[in-house]
Amino acid sequence: MLSIVIVIAIIVLSIILAAIGAYVVIHSSNEKDEPKPVIDVSGQYAVVVRPARESLTAVKPSEASLRSWLDTQNLSADQKEALIAQWNATMEETIRTVDEGDKNGTATYRIELGPKGKEYCHFVSEDNFITREQIRNHAEILPPYVLGCDCRLLPKQPWENPSKSGWKAVVPSRGSNYDVPDWRHLA
């Protein structure tokens, strides 16, 4: 009689444990179905960063905003299209430079000021450099700055020789804000 009670207790216990196991498996499979966020890696130390495109489009005006403002200016349709095409090309070049730098582990960049950009970009010197960390936190410091801007973002290579004064970090002038020009200018 005692052996029958033990066998029944073992069977009941096995059924209870099987039910608990099934419950855990069913509920844990729901958690696995949720997509994991994509992590982008930048630089040598694998810092989690936002993609360059996402960072730039969050702080730069949209093409619709550009068109709307250009419609208020006394420009021909060809001039407007050329300015928008140049803006978009500079944005794509900047995004490509940062993305390639993320793949190659580039941690510092420089802004090459064109003749037109020198008129508007007083927040950078000729021998400037910016870090990937600055780009992550302040994508507004990336070109383009104004319509018709001829500034470019380039990786800063260690062997590049700046002027005698050396490389100068681009620093905020008002707390954590940079004196980036308002995009509503024509260079």
# chains A, B, ... in the order shown; residues from 1 in each chain; ligands from 1
call {"tool": "residues_around", "arguments": {"residues": "Ala58 (chain A)", "least_positions_apart": "5", "cutoff": "12 Å", "atoms": "only C-alpha atoms", "output": "mmCIF file with C-alpha atoms, in the first residue's frame"}}
result
data_model
loop_
_atom_site.group_PDB
_atom_site.id
_atom_site.type_symbol
_atom_site.label_atom_id
_atom_site.label_comp_id
_atom_site.auth_asym_id
_atom_site.auth_seq_id
_atom_site.Cartn_x
_atom_site.Cartn_y
_atom_site.Cartn_z
ATOM 1 C CA ARG A 50 23.237 56.872 -33.138
ATOM 2 C CA PRO A 51 23.741 56.402 -36.854
ATOM 3 C CA ALA A 52 25.067 59.525 -38.585
ATOM 4 C CA ARG A 53 21.988 59.834 -40.815
ATOM 5 C CA ARG A 136 27.155 62.059 -31.255
ATOM 6 C CA ASN A 137 26.046 64.807 -28.874
ATOM 7 C CA HIS A 138 25.999 67.817 -31.250
ATOM 8 C CA ALA A 139 25.437 66.758 -34.857
ATOM 9 C CA GLU A 140 24.677 70.405 -35.700
#
call {"tool": "residues_around", "arguments": {"residues": "Arg96 (chain A)", "least_positions_apart": "6", "cutoff": "12 Å", "atoms": "only C-alpha atoms", "output": "list of chain:residue names"}}
result
A:Pro51, A:Ala52, A:Arg53, A:Leu56, A:Ala89, A:Thr90, A:Asp102, A:Lys103, A:Arg152, A:Leu153, A:Leu154, A:Pro155
call {"tool": "write_last_selection", "arguments": {"atoms": "N, CA, C and O atoms", "output": "JSON list (two decimals), in the first residue's frame"}}
result
[["chain", "number", "residue", "atom", "x", "y", "z"],
["A", 51, "PRO", "N", 23.21, 56.31, -35.50],
["A", 51, "PRO", "CA", 23.74, 56.40, -36.85],
["A", 51, "PRO", "C", 23.84, 57.86, -37.29],
["A", 51, "PRO", "O", 23.04, 58.71, -36.89],
["A", 52, "ALA", "N", 24.83, 58.15, -38.14],
["A", 52, "ALA", "CA", 25.07, 59.53, -38.58],
["A", 52, "ALA", "C", 23.83, 60.11, -39.27],
["A", 52, "ALA", "O", 23.49, 61.27, -39.05],
["A", 53, "ARG", "N", 23.17, 59.34, -40.10],
["A", 53, "ARG", "CA", 21.99, 59.83, -40.82],
["A", 53, "ARG", "C", 20.91, 60.27, -39.83],
["A", 53, "ARG", "O", 20.32, 61.33, -39.96],
["A", 56, "LEU", "N", 22.04, 63.53, -38.00],
["A", 56, "LEU", "CA", 22.01, 64.72, -38.86],
["A", 56, "LEU", "C", 20.60, 65.14, -39.22],
["A", 56, "LEU", "O", 20.27, 66.33, -39.17],
["A", 89, "ALA", "N", 23.91, 66.77, -51.38],
["A", 89, "ALA", "CA", 25.20, 66.12, -51.66],
["A", 89, "ALA", "C", 26.15, 66.26, -50.47],
["A", 89, "ALA", "O", 26.84, 65.31, -50.10],
["A", 90, "THR", "N", 26.18, 67.44, -49.86],
["A", 90, "THR", "CA", 27.04, 67.66, -48.70],
["A", 90, "THR", "C", 26.56, 66.81, -47.52],
["A", 90, "THR", "O", 27.38, 66.24, -46.79],
["A", 102, "ASP", "N", 33.24, 55.26, -38.52],
["A", 102, "ASP", "CA", 32.78, 54.31, -37.51],
["A", 102, "ASP", "C", 33.29, 52.90, -37.81],
["A", 102, "ASP", "O", 33.67, 52.16, -36.92],
["A", 103, "LYS", "N", 33.31, 52.54, -39.08],
["A", 103, "LYS", "CA", 33.80, 51.21, -39.48],
["A", 103, "LYS", "C", 35.31, 51.11, -39.28],
["A", 103, "LYS", "O", 35.81, 50.05, -38.92],
["A", 152, "ARG", "N", 33.47, 70.86, -45.81],
["A", 152, "ARG", "CA", 33.45, 69.39, -45.86],
["A", 152, "ARG", "C", 33.98, 68.81, -44.57],
["A", 152, "ARG", "O", 34.85, 69.39, -43.94],
["A", 153, "LEU", "N", 33.47, 67.65, -44.22],
["A", 153, "LEU", "CA", 33.97, 66.90, -43.07],
["A", 153, "LEU", "C", 34.96, 65.87, -43.58],
["A", 153, "LEU", "O", 34.67, 65.12, -44.51],
["A", 154, "LEU", "N", 36.14, 65.85, -42.96],
["A", 154, "LEU", "CA", 37.19, 64.90, -43.34],
["A", 154, "LEU", "C", 37.73, 64.22, -42.09],
["A", 154, "LEU", "O", 37.77, 64.83, -41.02],
["A", 155, "PRO", "N", 38.17, 62.97, -42.22],
["A", 155, "PRO", "CA", 38.83, 62.35, -41.07],
["A", 155, "PRO", "C", 40.14, 63.10, -40.78],
["A", 155, "PRO", "O", 40.81, 63.53, -41.70]]
call {"tool": "closest_residue", "arguments": {"among": "A:Trp167, A:Trp87, A:Tyr120, A:Tyr178", "to": "Gln134 (chain A)", "atoms": "only C-alpha atoms"}}
result
A:Tyr178
call {"tool": "residues_around", "arguments": {"residues": "region 126-129 of chain A", "least_positions_apart": "4", "cutoff": "6 Å", "atoms": "only C-alpha atoms", "output": "VMD selection string"}}
result
chain A and resid 109 to 110 162 167 to 169
call {"tool": "atom_distance", "arguments": {"atom1": "CA of Val25 (chain A)", "atom2": "CA of Val7 (chain A)"}}
result
26.8 Å
call {"tool": "select_by_dssp", "arguments": {"residues": "region 17-164 of chain A", "states": "helix (DSSP H, G or I)", "output": "VMD selection string"}}
result
chain A and resid 17 to 32 52 to 59 63 to 70 77 to 104 117 to 120 132 to 137 139 to 141
call {"tool": "residues_around", "arguments": {"residues": "region 66-74 of chain A", "least_positions_apart": "2", "cutoff": "10 Å", "atoms": "only C-alpha atoms", "output": "number ranges by chain"}}
result
A: 60-64, 76-77, 79-81, 83-84, 87, 147, 183-186
call {"tool": "atom_distance", "arguments": {"atom1": "CA of Gln86 (chain A)", "atom2": "CA of Leu113 (chain A)"}}
result
15.4 Å
call {"tool": "select_by_dssp", "arguments": {"residues": "region 12-175 of chain A", "states": "strand (DSSP E)", "output": "PyMOL selection string"}}
result
chain A and resi 40-42+47-49+108-112+128-131+152-155+168-169
call {"tool": "write_last_selection", "arguments": {"atoms": "N, CA, C and O atoms", "output": "PDB file, in the first residue's frame"}}
result
ATOM      1  N   ASP A  40      24.888  50.301 -32.848  1.00  0.00           N
ATOM      2  CA  ASP A  40      25.936  50.731 -33.748  1.00  0.00           C
ATOM      3  C   ASP A  40      27.195  50.944 -32.945  1.00  0.00           C
ATOM      4  O   ASP A  40      27.152  51.423 -31.819  1.00  0.00           O
ATOM      5  N   VAL A  41      28.306  50.574 -33.534  1.00  0.00           N
ATOM      6  CA  VAL A  41      29.576  50.642 -32.833  1.00  0.00           C
ATOM      7  C   VAL A  41      30.433  51.719 -33.468  1.00  0.00           C
ATOM      8  O   VAL A  41      30.503  51.851 -34.672  1.00  0.00           O
ATOM      9  N   SER A  42      31.057  52.506 -32.618  1.00  0.00           N
ATOM     10  CA  SER A  42      31.913  53.573 -33.111  1.00  0.00           C
ATOM     11  C   SER A  42      33.239  53.532 -32.389  1.00  0.00           C
ATOM     12  O   SER A  42      33.291  53.479 -31.170  1.00  0.00           O
ATOM     13  N   VAL A  47      31.706  52.343 -28.455  1.00  0.00           N
ATOM     14  CA  VAL A  47      30.734  53.248 -27.845  1.00  0.00           C
ATOM     15  C   VAL A  47      29.439  53.146 -28.640  1.00  0.00           C
ATOM     16  O   VAL A  47      29.447  53.157 -29.859  1.00  0.00           O
ATOM     17  N   VAL A  48      28.328  53.051 -27.954  1.00  0.00           N
ATOM     18  CA  VAL A  48      27.050  52.978 -28.633  1.00  0.00           C
ATOM     19  C   VAL A  48      26.706  54.377 -29.123  1.00  0.00           C
ATOM     20  O   VAL A  48      26.696  55.333 -28.355  1.00  0.00           O
ATOM     21  N   VAL A  49      26.445  54.490 -30.427  1.00  0.00           N
ATOM     22  CA  VAL A  49      26.123  55.788 -31.008  1.00  0.00           C
ATOM     23  C   VAL A  49      24.911  55.668 -31.913  1.00  0.00           C
ATOM     24  O   VAL A  49      24.555  54.592 -32.371  1.00  0.00           O
ATOM     25  N   THR A 108      38.560  61.180 -34.557  1.00  0.00           N
ATOM     26  CA  THR A 108      38.591  62.633 -34.731  1.00  0.00           C
ATOM     27  C   THR A 108      38.434  62.991 -36.201  1.00  0.00           C
ATOM     28  O   THR A 108      38.864  62.260 -37.097  1.00  0.00           O
ATOM     29  N   TYR A 109      37.815  64.127 -36.405  1.00  0.00           N
ATOM     30  CA  TYR A 109      37.552  64.643 -37.742  1.00  0.00           C
ATOM     31  C   TYR A 109      37.948  66.108 -37.777  1.00  0.00           C
ATOM     32  O   TYR A 109      38.169  66.730 -36.745  1.00  0.00           O
ATOM     33  N   ARG A 110      38.001  66.648 -38.988  1.00  0.00           N
ATOM     34  CA  ARG A 110      38.230  68.084 -39.134  1.00  0.00           C
ATOM     35  C   ARG A 110      37.256  68.610 -40.173  1.00  0.00           C
ATOM     36  O   ARG A 110      36.767  67.875 -41.022  1.00  0.00           O
ATOM     37  N   ILE A 111      36.975  69.887 -40.074  1.00  0.00           N
ATOM     38  CA  ILE A 111      36.087  70.540 -41.012  1.00  0.00           C
ATOM     39  C   ILE A 111      36.945  71.385 -41.938  1.00  0.00           C
ATOM     40  O   ILE A 111      37.654  72.278 -41.479  1.00  0.00           O
ATOM     41  N   GLU A 112      36.886  71.057 -43.217  1.00  0.00           N
ATOM     42  CA  GLU A 112      37.622  71.828 -44.213  1.00  0.00           C
ATOM     43  C   GLU A 112      36.723  72.987 -44.645  1.00  0.00           C
ATOM     44  O   GLU A 112      35.647  72.763 -45.197  1.00  0.00           O
ATOM     45  N   ASN A 128      41.014  73.118 -37.049  1.00  0.00           N
ATOM     46  CA  ASN A 128      40.035  72.578 -36.113  1.00  0.00           C
ATOM     47  C   ASN A 128      40.050  71.061 -36.086  1.00  0.00           C
ATOM     48  O   ASN A 128      40.534  70.412 -37.005  1.00  0.00           O
ATOM     49  N   PHE A 129      39.510  70.515 -35.005  1.00  0.00           N
ATOM     50  CA  PHE A 129      39.183  69.098 -34.970  1.00  0.00           C
ATOM     51  C   PHE A 129      37.975  68.908 -34.075  1.00  0.00           C
ATOM     52  O   PHE A 129      37.722  69.695 -33.154  1.00  0.00           O
ATOM     53  N   ILE A 130      37.193  67.884 -34.408  1.00  0.00           N
ATOM     54  CA  ILE A 130      36.047  67.502 -33.594  1.00  0.00           C
ATOM     55  C   ILE A 130      36.141  66.001 -33.352  1.00  0.00           C
ATOM     56  O   ILE A 130      36.747  65.274 -34.125  1.00  0.00           O
ATOM     57  N   THR A 131      35.536  65.565 -32.278  1.00  0.00           N
ATOM     58  CA  THR A 131      35.592  64.150 -31.921  1.00  0.00           C
ATOM     59  C   THR A 131      34.280  63.461 -32.272  1.00  0.00           C
ATOM     60  O   THR A 131      33.249  64.116 -32.475  1.00  0.00           O
ATOM     61  N   ARG A 152      33.475  70.856 -45.809  1.00  0.00           N
ATOM     62  CA  ARG A 152      33.452  69.390 -45.864  1.00  0.00           C
ATOM     63  C   ARG A 152      33.983  68.807 -44.570  1.00  0.00           C
ATOM     64  O   ARG A 152      34.853  69.386 -43.940  1.00  0.00           O
ATOM     65  N   LEU A 153      33.470  67.649 -44.218  1.00  0.00           N
ATOM     66  CA  LEU A 153      33.972  66.905 -43.067  1.00  0.00           C
ATOM     67  C   LEU A 153      34.962  65.872 -43.576  1.00  0.00           C
ATOM     68  O   LEU A 153      34.672  65.125 -44.508  1.00  0.00           O
ATOM     69  N   LEU A 154      36.142  65.848 -42.957  1.00  0.00           N
ATOM     70  CA  LEU A 154      37.187  64.898 -43.341  1.00  0.00           C
ATOM     71  C   LEU A 154      37.728  64.220 -42.092  1.00  0.00           C
ATOM     72  O   LEU A 154      37.772  64.829 -41.017  1.00  0.00           O
ATOM     73  N   PRO A 155      38.171  62.971 -42.218  1.00  0.00           N
ATOM     74  CA  PRO A 155      38.834  62.353 -41.067  1.00  0.00           C
ATOM     75  C   PRO A 155      40.137  63.096 -40.778  1.00  0.00           C
ATOM     76  O   PRO A 155      40.815  63.533 -41.696  1.00  0.00           O
ATOM     77  N   LYS A 168      43.216  72.753 -33.022  1.00  0.00           N
ATOM     78  CA  LYS A 168      42.348  73.433 -32.054  1.00  0.00           C
ATOM     79  C   LYS A 168      41.000  72.727 -32.007  1.00  0.00           C
ATOM     80  O   LYS A 168      40.364  72.541 -33.037  1.00  0.00           O
ATOM     81  N   ALA A 169      40.597  72.360 -30.817  1.00  0.00           N
ATOM     82  CA  ALA A 169      39.298  71.711 -30.656  1.00  0.00           C
ATOM     83  C   ALA A 169      38.182  72.722 -30.914  1.00  0.00           C
ATOM     84  O   ALA A 169      38.299  73.890 -30.559  1.00  0.00           O
TER      85      ALA A 169
END
call {"tool": "residues_around", "arguments": {"residues": "Cys149 (chain A)", "least_positions_apart": "4", "cutoff": "8 Å", "atoms": "only C-alpha atoms", "output": "number ranges by chain"}}
result
A: 87, 114, 116-117, 143-145, 186-187
call {"tool": "atom_distance", "arguments": {"atom1": "CA of Ala82 (chain A)", "atom2": "CA of Gly148 (chain A)"}}
result
8.6 Å
